[in-house]
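Following: one structure in structure tokens, then a few remarks.
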Amino acid sequence: MFKKYKILKWLLTGLGFIIVFIIVLGFYIASLLPQESTNISNSNASDIAYINDAMPSYRGKILAVVTSTDTMGLSGKATGFELTELARAYYVFKANGFDVDVASPLGGKPPMVLDNDDMGVFDYAFLNDSIPRRKLKHTIALQKVKSETYEAVYFVGGKGAMFDFPNNKHIQTLIQDFHKSNKVIGAVCHGPAALVNITLDNGESFLKNKQVSGFTNKEELLLIPDAKSIFPFLLQDKLTEQGAQFNEGITYLEKISHDNNLITGQNPWSVWALAEAMVKQIGYTPKARTITAEENAVKILYTYETQGINKAKALIKERIQKKQNISRSLFIDHSAIAVLTGKLNKFYDMLRLAAYTKEIEEHHTA
């Protein structure tokens, strides 16, 4: 009996230490996060130099296509298109001389997903900009779209795209027309769901032997373990089944595939590179742009994955010395991903990168 009480005592003591450790770790991680700007939600496109300065002459129109689906199948989980994947590409296209129309399978106001942890200046500027707001409220129904009006088409991601992009006859006709006319086709994250089940005039799959990127199985299943029962298919599997050469990049880091006029991106962190690659493929040199704090963090994370933590820290120091911002929040996000995937050493390294970034920033502002 007394032995049982002794074991219980040790168990409670151990549990107490674990709880204290978790609380202390939580406070430490919170200390690594930067203070949120109270003004960022008031961002306006008219105040962003990249969008307004050195504007090129009008170069035509690009069509952005978003999902009309607001629920993930029978799961009841809300979905829609990802704002960040539309907003950032929208302003890259605008800054490079293109007007942008927004279409959806059903037309009208589409369901939108806001990732509050990932919202930046351009994303809030989009929400505060009356022109794209009006375009979103009245998206063009795909059946009314005339392909000859546009220089390129861009399929925006969001999990809803997995349901109403495949087998949509208007999307299929659009892609067939753009392919025949040698026009640029872009898609990011779940947006490449638009590319499946399309047959060319020669009877072959549109995707046959094409280099393609999209949201990977690893990325999907990490966020939604029961994705196979929720979605009609896993995107990576379907693209591969239909003949695509799927290029899988590092989980949740930038990756694009460029196959002539087809340009695809793996995830939301690929939007900037993809949109600028589309501009270049159309025939123009993309306008110079200040790299965002998130993009810098992505490059540092890629360096960590491919060259190790010391090279990543060296890049942090180099970027800060050049007065470039780095998103510490993204390091913390990847520390959480490391825990979910059982990589505790990487979890520790992510905290080290966030702490080192904070230290160097404070040194240069002292």
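Naming scheme: A, B, ... for chains in displayed order of the structure tokens; residues 1 onward per chain; ligands 1 onward as shown.
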
Leaving out segment 56-66 of chain A and any residue of its chain fewer than 6 positions from it, which residues lie within 8 Å of it when counting only C-alpha atoms, given as a compact mmCIF listing (two decimals) with N, CA, C and O atoms, in the first residue's frame?
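Resulting contents of result.txt:
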```txt
# COMPACT_ATOMS: atom_id res chain seq x y z
N PHE A 81 -11.19 29.76 -51.09
CA PHE A 81 -9.89 30.08 -51.68
C PHE A 81 -9.04 30.78 -50.62
O PHE A 81 -9.56 31.41 -49.70
N LEU A 86 -4.22 34.74 -53.62
CA LEU A 86 -4.77 35.66 -54.61
C LEU A 86 -4.15 37.03 -54.49
O LEU A 86 -3.69 37.61 -55.48
N PHE A 93 0.95 41.05 -60.54
CA PHE A 93 0.44 41.29 -61.89
C PHE A 93 0.14 42.77 -62.12
O PHE A 93 0.49 43.33 -63.16
N ALA A 95 1.40 45.41 -60.54
CA ALA A 95 2.63 46.20 -60.54
C ALA A 95 3.40 46.06 -61.85
O ALA A 95 4.20 46.92 -62.20
N ASN A 96 3.15 44.97 -62.57
CA ASN A 96 3.85 44.72 -63.83
C ASN A 96 3.01 45.03 -65.06
O ASN A 96 3.31 44.56 -66.15
N GLY A 97 1.94 45.82 -64.86
CA GLY A 97 1.22 46.36 -65.99
C GLY A 97 -0.01 45.60 -66.44
O GLY A 97 -0.59 45.92 -67.49
N PHE A 98 -0.44 44.61 -65.67
CA PHE A 98 -1.60 43.81 -66.08
C PHE A 98 -2.82 44.15 -65.22
O PHE A 98 -2.70 44.37 -64.01
N ASP A 99 -3.97 44.16 -65.87
CA ASP A 99 -5.22 44.22 -65.12
C ASP A 99 -5.60 42.78 -64.78
O ASP A 99 -5.21 41.84 -65.48
N VAL A 100 -6.33 42.61 -63.68
CA VAL A 100 -6.67 41.26 -63.22
C VAL A 100 -8.18 41.13 -63.05
O VAL A 100 -8.79 41.92 -62.32
N ASP A 101 -8.75 40.15 -63.72
CA ASP A 101 -10.15 39.79 -63.49
C ASP A 101 -10.18 38.55 -62.61
O ASP A 101 -9.27 37.73 -62.64
N VAL A 102 -11.25 38.42 -61.82
CA VAL A 102 -11.39 37.26 -60.94
C VAL A 102 -12.65 36.50 -61.34
O VAL A 102 -13.73 37.08 -61.43
N ALA A 103 -12.50 35.20 -61.58
CA ALA A 103 -13.62 34.35 -61.97
C ALA A 103 -13.75 33.18 -61.00
O ALA A 103 -12.81 32.86 -60.26
N SER A 104 -14.89 32.55 -60.99
CA SER A 104 -15.13 31.37 -60.16
C SER A 104 -16.14 30.48 -60.87
O SER A 104 -16.86 30.95 -61.76
N PRO A 105 -16.22 29.21 -60.52
CA PRO A 105 -17.16 28.31 -61.20
C PRO A 105 -18.61 28.81 -61.18
O PRO A 105 -19.31 28.71 -62.18
N PRO A 110 -17.24 34.52 -53.74
CA PRO A 110 -16.72 33.19 -53.39
C PRO A 110 -16.34 33.12 -51.91
O PRO A 110 -16.12 34.15 -51.26
N THR A 149 -9.55 37.01 -74.27
CA THR A 149 -9.43 38.30 -73.57
C THR A 149 -8.16 38.38 -72.73
O THR A 149 -7.70 39.48 -72.42
N TYR A 150 -7.56 37.23 -72.41
CA TYR A 150 -6.51 37.20 -71.40
C TYR A 150 -5.16 36.72 -71.94
O TYR A 150 -5.09 35.88 -72.84
N GLU A 151 -4.10 37.26 -71.31
CA GLU A 151 -2.73 36.86 -71.64
C GLU A 151 -2.31 35.62 -70.87
O GLU A 151 -1.39 34.90 -71.28
N ALA A 152 -2.95 35.38 -69.73
CA ALA A 152 -2.59 34.25 -68.88
C ALA A 152 -3.74 33.95 -67.94
O ALA A 152 -4.63 34.78 -67.73
N VAL A 153 -3.73 32.72 -67.37
CA VAL A 153 -4.71 32.35 -66.36
C VAL A 153 -3.97 31.82 -65.15
O VAL A 153 -2.94 31.14 -65.27
N TYR A 154 -4.48 32.16 -63.98
CA TYR A 154 -3.84 31.77 -62.72
C TYR A 154 -4.89 31.12 -61.81
O TYR A 154 -5.87 31.77 -61.44
N PHE A 155 -4.69 29.84 -61.48
CA PHE A 155 -5.62 29.13 -60.63
C PHE A 155 -5.15 29.21 -59.17
O PHE A 155 -4.10 28.69 -58.80
N VAL A 156 -5.96 29.89 -58.37
CA VAL A 156 -5.64 30.16 -56.97
C VAL A 156 -5.94 28.91 -56.14
O VAL A 156 -6.91 28.20 -56.40
N GLY A 157 -5.10 28.67 -55.12
CA GLY A 157 -5.31 27.52 -54.25
C GLY A 157 -6.38 27.76 -53.20
O GLY A 157 -7.04 28.79 -53.14
N ALA A 161 -10.83 24.12 -54.07
CA ALA A 161 -10.49 23.84 -55.46
C ALA A 161 -10.45 22.35 -55.76
O ALA A 161 -10.64 21.93 -56.91
```

Write out as CSV a residue-level contact list of segment 228-308 of chain A versus segment 69-77 of chain A with cut-off 12 Å: for each qualifying residue the closest pair of atoms and the distance in Å to one decimal, counting only C-alpha atoms, rows sorted by chain and residue number upward.
```
residue,atom,partner,partner_atom,distance
A:Lys228,CA,A:Gly73,CA,11.4
A:Ser229,CA,A:Ser75,CA,9.0
A:Ile230,CA,A:Gly73,CA,6.1
A:Phe231,CA,A:Gly73,CA,6.8
A:Pro232,CA,A:Gly73,CA,8.3
A:Phe233,CA,A:Gly73,CA,11.5
```

| task | Find the residues near segment 203-209 of chain A: any atom within 12 Å, counting only C-alpha atoms, skip ones fewer than 6 places away on the same chain, and give them as a PyMOL selection string. | result | chain A and resi 172-173+175-180+185+192-197+238-247+259+262+264

Write out as JSON lines the residues of segment 176-207 of chain A that have any atom within 12 Å of an atom of segment 271-277 of chain A, one row each with the nearest atom pair and its distance in Å to one decimal, counting only C-alpha atoms, sorted by chain and then rising number.
```
{"residue": "A:Val184", "atom": "CA", "partner": "A:Ala277", "partner_atom": "CA", "distance": 10.0}
{"residue": "A:Ile185", "atom": "CA", "partner": "A:Ala275", "partner_atom": "CA", "distance": 10.7}
{"residue": "A:Gly186", "atom": "CA", "partner": "A:Leu274", "partner_atom": "CA", "distance": 7.5}
{"residue": "A:Ala187", "atom": "CA", "partner": "A:Leu274", "partner_atom": "CA", "distance": 8.3}
{"residue": "A:Val188", "atom": "CA", "partner": "A:Val271", "partner_atom": "CA", "distance": 6.8}
{"residue": "A:Cys189", "atom": "CA", "partner": "A:Val271", "partner_atom": "CA", "distance": 8.8}
{"residue": "A:Gly191", "atom": "CA", "partner": "A:Val271", "partner_atom": "CA", "distance": 11.3}
```

| Distance query Ala54 of chain A at most 12 Å, only C-alpha atoms, self and fewer than 4 positions along chain excluded, as an MDAnalysis selection string | chainID A and resid 49:50 94:97 286:289

| message | as a PyMOL selection string, please: every residue in segment 205-357 of chain A that DSSP puts in alpha helix (DSSP H). | response | chain A and resi 217-223+227-230+235-241+271-282+293-307+309-321+328-340+344-357

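Distances to Ser68 of chain A were evaluated for A:Arg319, A:Arg88, A:Lys159, A:Lys146 using only C-alpha atoms, and the minimum falls at A:Lys159.
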
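Of the listed residues (A:Tyr90, A:Phe163, A:Trp269, A:Phe27), A:Phe163 comes nearest to Leu234 of chain A; the distances count only C-alpha atoms.
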
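The nearest approach to Met278 of chain A among the residues A:Met112, A:Ile51, A:Ile263, A:Leu32, with only C-alpha atoms taken into account, belongs to A:Ile263.
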
| said: List as a list in words the protein and nucleic acid residues near Glu248 of chain A, meaning an atom at most 12 Å away when only C-alpha atoms are counted, but skip any in the same chain fewer than 3 places from it. | reply: Cys189, Gln211, Val212, Ser213, Gly214, Phe215, Thr216, Asn217, Lys218, Glu219, Leu235, Gln236, Asp237, Leu239, Thr240, Ala244, Gln245, Thr251, Tyr252, Leu253, Glu254, Lys255, Ile256, Ser257, Thr264, Gly265, Gln266 and Asn267 of chain A

| field | Per-residue DSSP, segment 56-109 of chain A, filtered to strand (DSSP E), as a PyMOL selection string | value | chain A and resi 60-65+81-82+98-104

Residues just named, written with N, CA and C atoms as an mmCIF file, in the first residue's frame:
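Saved file selection-v3.cif follows:
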```cif
data_model
loop_
_atom_site.group_PDB
_atom_site.id
_atom_site.type_symbol
_atom_site.label_atom_id
_atom_site.label_comp_id
_atom_site.auth_asym_id
_atom_site.auth_seq_id
_atom_site.Cartn_x
_atom_site.Cartn_y
_atom_site.Cartn_z
ATOM 1 N N GLY A 60 -2.167 44.227 -70.821
ATOM 2 C CA GLY A 60 -3.230 43.257 -71.038
ATOM 3 C C GLY A 60 -3.824 42.754 -69.743
ATOM 4 N N LYS A 61 -4.591 41.670 -69.857
ATOM 5 C CA LYS A 61 -5.311 41.130 -68.706
ATOM 6 C C LYS A 61 -4.835 39.725 -68.340
ATOM 7 N N ILE A 62 -4.912 39.431 -67.034
ATOM 8 C CA ILE A 62 -4.684 38.082 -66.522
ATOM 9 C C ILE A 62 -5.939 37.671 -65.759
ATOM 10 N N LEU A 63 -6.362 36.429 -65.947
ATOM 11 C CA LEU A 63 -7.543 35.910 -65.255
ATOM 12 C C LEU A 63 -7.114 35.089 -64.047
ATOM 13 N N ALA A 64 -7.618 35.445 -62.869
ATOM 14 C CA ALA A 64 -7.416 34.648 -61.655
ATOM 15 C C ALA A 64 -8.698 33.873 -61.390
ATOM 16 N N VAL A 65 -8.576 32.568 -61.143
ATOM 17 C CA VAL A 65 -9.742 31.722 -60.917
ATOM 18 C C VAL A 65 -9.709 31.198 -59.480
ATOM 19 N N PHE A 81 -11.188 29.764 -51.094
ATOM 20 C CA PHE A 81 -9.894 30.077 -51.677
ATOM 21 C C PHE A 81 -9.040 30.783 -50.621
ATOM 22 N N GLU A 82 -7.719 30.686 -50.770
ATOM 23 C CA GLU A 82 -6.794 31.314 -49.831
ATOM 24 C C GLU A 82 -6.515 32.753 -50.252
ATOM 25 N N PHE A 98 -0.438 44.608 -65.674
ATOM 26 C CA PHE A 98 -1.601 43.810 -66.075
ATOM 27 C C PHE A 98 -2.821 44.154 -65.223
ATOM 28 N N ASP A 99 -3.968 44.158 -65.869
ATOM 29 C CA ASP A 99 -5.220 44.221 -65.120
ATOM 30 C C ASP A 99 -5.601 42.784 -64.779
ATOM 31 N N VAL A 100 -6.334 42.607 -63.682
ATOM 32 C CA VAL A 100 -6.669 41.262 -63.219
ATOM 33 C C VAL A 100 -8.176 41.133 -63.046
ATOM 34 N N ASP A 101 -8.752 40.154 -63.720
ATOM 35 C CA ASP A 101 -10.149 39.790 -63.488
ATOM 36 C C ASP A 101 -10.179 38.555 -62.610
ATOM 37 N N VAL A 102 -11.247 38.417 -61.823
ATOM 38 C CA VAL A 102 -11.390 37.261 -60.940
ATOM 39 C C VAL A 102 -12.647 36.501 -61.339
ATOM 40 N N ALA A 103 -12.496 35.199 -61.584
ATOM 41 C CA ALA A 103 -13.618 34.348 -61.967
ATOM 42 C C ALA A 103 -13.745 33.179 -61.003
ATOM 43 N N SER A 104 -14.891 32.552 -60.995
ATOM 44 C CA SER A 104 -15.131 31.370 -60.161
ATOM 45 C C SER A 104 -16.138 30.481 -60.869
#
```

| request: Return the single residue from A:Asp226, A:Asp123, A:Asp53, A:Asp333 that is closest to Val298 of chain A, with distances computed using only C-alpha atoms. | output: A:Asp333

For segment 360-363 of chain A, work out the shell of residues within 9 Å, counting only C-alpha atoms and skipping chain neighbours fewer than 5 positions away, then give it as a PDB file with all heavy atoms, in the first residue's frame.
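Okay, this is what ended up in result22.pdb:
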```pdb
ATOM      1  N   ILE A 316      21.201  34.694 -41.932  1.00  0.00           N
ATOM      2  CA  ILE A 316      20.433  35.604 -41.074  1.00  0.00           C
ATOM      3  C   ILE A 316      21.239  36.881 -40.835  1.00  0.00           C
ATOM      4  O   ILE A 316      20.724  38.002 -41.001  1.00  0.00           O
ATOM      5  CB  ILE A 316      20.097  34.932 -39.728  1.00  0.00           C
ATOM      6  CG1 ILE A 316      19.027  33.855 -39.924  1.00  0.00           C
ATOM      7  CG2 ILE A 316      19.613  35.974 -38.706  1.00  0.00           C
ATOM      8  CD1 ILE A 316      18.774  33.010 -38.696  1.00  0.00           C
ATOM      9  N   LYS A 317      22.485  36.712 -40.464  1.00  0.00           N
ATOM     10  CA  LYS A 317      23.341  37.868 -40.177  1.00  0.00           C
ATOM     11  C   LYS A 317      23.524  38.738 -41.414  1.00  0.00           C
ATOM     12  O   LYS A 317      23.459  39.982 -41.343  1.00  0.00           O
ATOM     13  CB  LYS A 317      24.698  37.387 -39.653  1.00  0.00           C
ATOM     14  CG  LYS A 317      25.587  38.500 -39.135  1.00  0.00           C
ATOM     15  CD  LYS A 317      26.837  37.936 -38.461  1.00  0.00           C
ATOM     16  CE  LYS A 317      27.688  39.048 -37.867  1.00  0.00           C
ATOM     17  NZ  LYS A 317      28.885  38.495 -37.181  1.00  0.00           N
ATOM     18  N   ILE A 320      20.223  40.727 -42.191  1.00  0.00           N
ATOM     19  CA  ILE A 320      19.965  41.804 -41.229  1.00  0.00           C
ATOM     20  C   ILE A 320      20.956  42.946 -41.432  1.00  0.00           C
ATOM     21  O   ILE A 320      20.595  44.125 -41.314  1.00  0.00           O
ATOM     22  CB  ILE A 320      20.007  41.258 -39.794  1.00  0.00           C
ATOM     23  CG1 ILE A 320      18.830  40.302 -39.573  1.00  0.00           C
ATOM     24  CG2 ILE A 320      19.948  42.407 -38.771  1.00  0.00           C
ATOM     25  CD1 ILE A 320      18.829  39.601 -38.240  1.00  0.00           C
ATOM     26  N   GLN A 321      22.201  42.607 -41.760  1.00  0.00           N
ATOM     27  CA  GLN A 321      23.186  43.650 -42.044  1.00  0.00           C
ATOM     28  C   GLN A 321      22.790  44.477 -43.258  1.00  0.00           C
ATOM     29  O   GLN A 321      23.136  45.663 -43.358  1.00  0.00           O
ATOM     30  CB  GLN A 321      24.564  43.009 -42.267  1.00  0.00           C
ATOM     31  CG  GLN A 321      25.226  42.522 -40.982  1.00  0.00           C
ATOM     32  CD  GLN A 321      26.535  41.787 -41.231  1.00  0.00           C
ATOM     33  OE1 GLN A 321      26.787  41.294 -42.329  1.00  0.00           O
ATOM     34  NE2 GLN A 321      27.381  41.720 -40.208  1.00  0.00           N
ATOM     35  N   ASN A 325      14.204  42.522 -43.427  1.00  0.00           N
ATOM     36  CA  ASN A 325      13.423  41.927 -42.345  1.00  0.00           C
ATOM     37  C   ASN A 325      13.330  40.412 -42.500  1.00  0.00           C
ATOM     38  O   ASN A 325      13.343  39.893 -43.620  1.00  0.00           O
ATOM     39  CB  ASN A 325      12.018  42.527 -42.311  1.00  0.00           C
ATOM     40  CG  ASN A 325      12.033  44.003 -41.959  1.00  0.00           C
ATOM     41  OD1 ASN A 325      12.827  44.428 -41.137  1.00  0.00           O
ATOM     42  ND2 ASN A 325      11.163  44.779 -42.591  1.00  0.00           N
ATOM     43  N   ALA A 355      15.855  32.754 -32.000  1.00  0.00           N
ATOM     44  CA  ALA A 355      16.590  33.475 -30.952  1.00  0.00           C
ATOM     45  C   ALA A 355      17.767  34.237 -31.556  1.00  0.00           C
ATOM     46  O   ALA A 355      18.047  35.388 -31.170  1.00  0.00           O
ATOM     47  CB  ALA A 355      17.073  32.497 -29.884  1.00  0.00           C
TER      48      ALA A 355
END
```

Write out as a compact mmCIF listing (two decimals) with all heavy atoms, in the first residue's frame each polymer residue whose atoms come within 7 Å of Ala87 of chain A, counting only C-alpha atoms; drop sequence neighbours fewer than 4 positions from it.
```
# COMPACT_ATOMS: atom_id res chain seq x y z
N LEU A 83 -6.85 33.69 -49.39
CA LEU A 83 -6.66 35.11 -49.72
C LEU A 83 -5.22 35.42 -50.10
O LEU A 83 -4.96 36.11 -51.07
CB LEU A 83 -7.07 35.99 -48.54
CG LEU A 83 -6.70 37.47 -48.72
CD1 LEU A 83 -7.56 38.11 -49.78
CD2 LEU A 83 -6.81 38.22 -47.42
N TYR A 91 -1.21 41.65 -56.89
CA TYR A 91 -0.41 42.88 -56.90
C TYR A 91 0.88 42.73 -57.71
O TYR A 91 1.38 43.72 -58.25
CB TYR A 91 -0.13 43.33 -55.47
CG TYR A 91 -1.34 44.00 -54.84
CD1 TYR A 91 -1.85 43.55 -53.63
CD2 TYR A 91 -1.97 45.07 -55.47
CE1 TYR A 91 -2.97 44.15 -53.07
CE2 TYR A 91 -3.09 45.68 -54.91
CZ TYR A 91 -3.58 45.22 -53.71
OH TYR A 91 -4.69 45.83 -53.15
N PHE A 122 0.54 43.22 -48.04
CA PHE A 122 -0.18 43.12 -49.32
C PHE A 122 -1.56 42.49 -49.13
O PHE A 122 -2.51 42.86 -49.83
CB PHE A 122 0.63 42.29 -50.31
CG PHE A 122 1.84 43.01 -50.87
CD1 PHE A 122 3.03 43.05 -50.17
CD2 PHE A 122 1.76 43.68 -52.08
CE1 PHE A 122 4.14 43.72 -50.67
CE2 PHE A 122 2.85 44.36 -52.60
CZ PHE A 122 4.05 44.39 -51.89
N ASP A 123 -1.66 41.56 -48.20
CA ASP A 123 -2.94 40.87 -47.97
C ASP A 123 -3.98 41.83 -47.38
O ASP A 123 -5.13 41.86 -47.80
CB ASP A 123 -2.73 39.67 -47.05
CG ASP A 123 -1.58 38.81 -47.53
OD1 ASP A 123 -1.58 38.44 -48.71
OD2 ASP A 123 -0.66 38.53 -46.73
N PHE A 126 -5.06 44.38 -49.92
CA PHE A 126 -6.07 43.81 -50.82
C PHE A 126 -7.46 43.94 -50.22
O PHE A 126 -8.41 44.35 -50.89
CB PHE A 126 -5.73 42.34 -51.08
CG PHE A 126 -6.59 41.68 -52.11
CD1 PHE A 126 -6.21 41.62 -53.44
CD2 PHE A 126 -7.80 41.08 -51.75
CE1 PHE A 126 -7.01 41.00 -54.39
CE2 PHE A 126 -8.60 40.46 -52.69
CZ PHE A 126 -8.20 40.41 -54.01
```
